[in-house]
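Engineer: Would you mind keeping the following structure in view while I ask a few things?
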Amino acid sequence: MWKPNQPGSNNPSTPEPSRPTPPAPSFEAPRAASPGAGTTAAPSATGEQATIGKSLVVKGEVTGSESLYIDGKVEGAINLPGNRVTVGRNGQVAANIVAREVVVLGKVRGNCQASDRVDIRSEGSLTGDVIAARISIEDGAFFKGGIDIRKPGTADAKAAQVAEPVTV
């Protein structure tokens, strides 16, 4: 095995200087201050969360392995099965959402499938069907659609129906 400190090793005459590693950027979504709400919107267990800002418009499919905070517009499909999708107060989503957890503070038009829970806050609006293990709809929230409560880990042919595209 080669060891750099052994005599007779072939070290380059001009070694490359060590470069300091920049600190990892930390992204944290603005948190809504809703009185009486016992839960807060925290990033996934890995601590990673992506943000779609107010002025951004995304058309197409969004997939990945980190949580997502949406404050802009998204049209198409959102598929983040092990993570949280939070639609901020300014967020406007016309998409089917598949995630572990969905929190709605803005407007969502489309079906939501969550392996854990769907949370519609008081200023939120959701038009579409929901498949989840748990659902929470605060006073003042708007919801129009069907609710299918499933035990965690239950998957059958009906769950595949949520993956159909939304017509905009």
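Identifiers in the structure tokens: chain A, B, ... in order shown; residue index from 1 per chain; ligand index from 1 in order shown.
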Find the residues around Asp71 in chain A up to 12 Å (only C-alpha atoms counted), leave out those fewer than 5 positions away in its own chain, and share them as a list in words.
Structural biologist: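 Result of the neighbour search: Ala29, Pro30, Arg31, Ala50, Thr51, Ile52, Gly53, Lys54, Ser55, Leu56, Val57, Val58, Val85, Thr86, Val87, Gly88, Arg89, Asn90, Gly91, Gln92, Val93, Val104, Leu105, Gly106, Lys107 and Val108 of chain A.
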Engineer: With N, CA and C atoms retained, write the just-selected residues as a short mmCIF file (atom, residue, chain, number, x, y, z; two decimals), in the first residue's frame.
Structural biologist:
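part.cif, written as the output of this step:
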data_model
loop_
_atom_site.label_atom_id
_atom_site.label_comp_id
_atom_site.auth_asym_id
_atom_site.auth_seq_id
_atom_site.Cartn_x
_atom_site.Cartn_y
_atom_site.Cartn_z
N ALA A 29 -37.18 27.23 4.58
CA ALA A 29 -38.39 27.86 4.09
C ALA A 29 -38.95 28.81 5.14
N PRO A 30 -39.55 29.91 4.66
CA PRO A 30 -40.21 30.79 5.62
C PRO A 30 -41.33 30.03 6.31
N ARG A 31 -41.44 30.20 7.58
CA ARG A 31 -42.44 29.45 8.33
C ARG A 31 -43.65 30.33 8.57
N ALA A 50 -35.45 22.06 -1.04
CA ALA A 50 -35.36 22.94 -2.19
C ALA A 50 -36.51 23.93 -2.14
N THR A 51 -36.31 25.09 -2.76
CA THR A 51 -37.33 26.13 -2.76
C THR A 51 -37.57 26.63 -4.17
N ILE A 52 -38.84 26.74 -4.54
CA ILE A 52 -39.23 27.39 -5.79
C ILE A 52 -39.79 28.74 -5.39
N GLY A 53 -39.06 29.80 -5.71
CA GLY A 53 -39.40 31.14 -5.26
C GLY A 53 -40.62 31.74 -5.93
N LYS A 54 -41.06 32.90 -5.41
CA LYS A 54 -42.27 33.58 -5.86
C LYS A 54 -42.30 33.84 -7.36
N SER A 55 -41.17 34.23 -7.93
CA SER A 55 -41.16 34.63 -9.33
C SER A 55 -40.91 33.48 -10.30
N LEU A 56 -40.74 32.25 -9.79
CA LEU A 56 -40.44 31.11 -10.66
C LEU A 56 -41.71 30.40 -11.11
N VAL A 57 -41.70 29.96 -12.38
CA VAL A 57 -42.78 29.17 -12.95
C VAL A 57 -42.17 27.90 -13.50
N VAL A 58 -42.65 26.75 -13.03
CA VAL A 58 -42.13 25.46 -13.48
C VAL A 58 -43.25 24.72 -14.19
N VAL A 85 -43.79 18.07 0.69
CA VAL A 85 -44.05 19.14 -0.27
C VAL A 85 -44.88 20.18 0.46
N THR A 86 -44.36 21.39 0.54
CA THR A 86 -45.07 22.50 1.18
C THR A 86 -45.40 23.53 0.12
N VAL A 87 -46.67 23.87 -0.02
CA VAL A 87 -47.10 24.92 -0.94
C VAL A 87 -47.28 26.16 -0.10
N GLY A 88 -46.40 27.15 -0.29
CA GLY A 88 -46.42 28.37 0.51
C GLY A 88 -47.63 29.24 0.21
N ARG A 89 -47.77 30.32 0.98
CA ARG A 89 -48.91 31.23 0.83
C ARG A 89 -49.05 31.79 -0.58
N ASN A 90 -47.92 32.03 -1.24
CA ASN A 90 -47.95 32.57 -2.60
C ASN A 90 -47.97 31.47 -3.65
N GLY A 91 -47.85 30.22 -3.23
CA GLY A 91 -47.74 29.10 -4.16
C GLY A 91 -49.04 28.80 -4.88
N GLN A 92 -48.91 28.49 -6.19
CA GLN A 92 -50.04 28.09 -7.01
C GLN A 92 -49.61 26.84 -7.77
N VAL A 93 -50.26 25.72 -7.45
CA VAL A 93 -49.87 24.44 -8.03
C VAL A 93 -51.04 23.85 -8.79
N VAL A 104 -50.44 22.46 2.68
CA VAL A 104 -51.00 23.43 1.75
C VAL A 104 -51.30 24.73 2.48
N LEU A 105 -50.57 25.79 2.11
CA LEU A 105 -50.83 27.13 2.61
C LEU A 105 -51.36 28.02 1.48
N GLY A 106 -51.09 27.63 0.24
CA GLY A 106 -51.52 28.38 -0.95
C GLY A 106 -52.63 27.64 -1.67
N LYS A 107 -52.54 27.62 -3.03
CA LYS A 107 -53.59 27.00 -3.84
C LYS A 107 -53.06 25.78 -4.58
N VAL A 108 -53.80 24.68 -4.49
CA VAL A 108 -53.45 23.45 -5.19
C VAL A 108 -54.66 22.98 -5.97
#
Engineer: Quick one: distance from CA of Asp119 in chain A to CA of Asn83 in chain A in Å, one decimal?
Structural biologist: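 For CA of Asp119 in chain A relative to CA of Asn83 in chain A, the distance reads 14.0 Å.
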Engineer: What does the distance from CA of Ala94 in chain A to CA of Leu126 in chain A come to in Å, to one decimal?
Structural biologist: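 The value is 10.1 Å.
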Engineer: CA of Asp148 in chain A to CA of Ile70 in chain A: how many Å, to one decimal?
Structural biologist: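 CA of Ile70 in chain A lies at a distance of 24.6 Å from CA of Asp148 in chain A.
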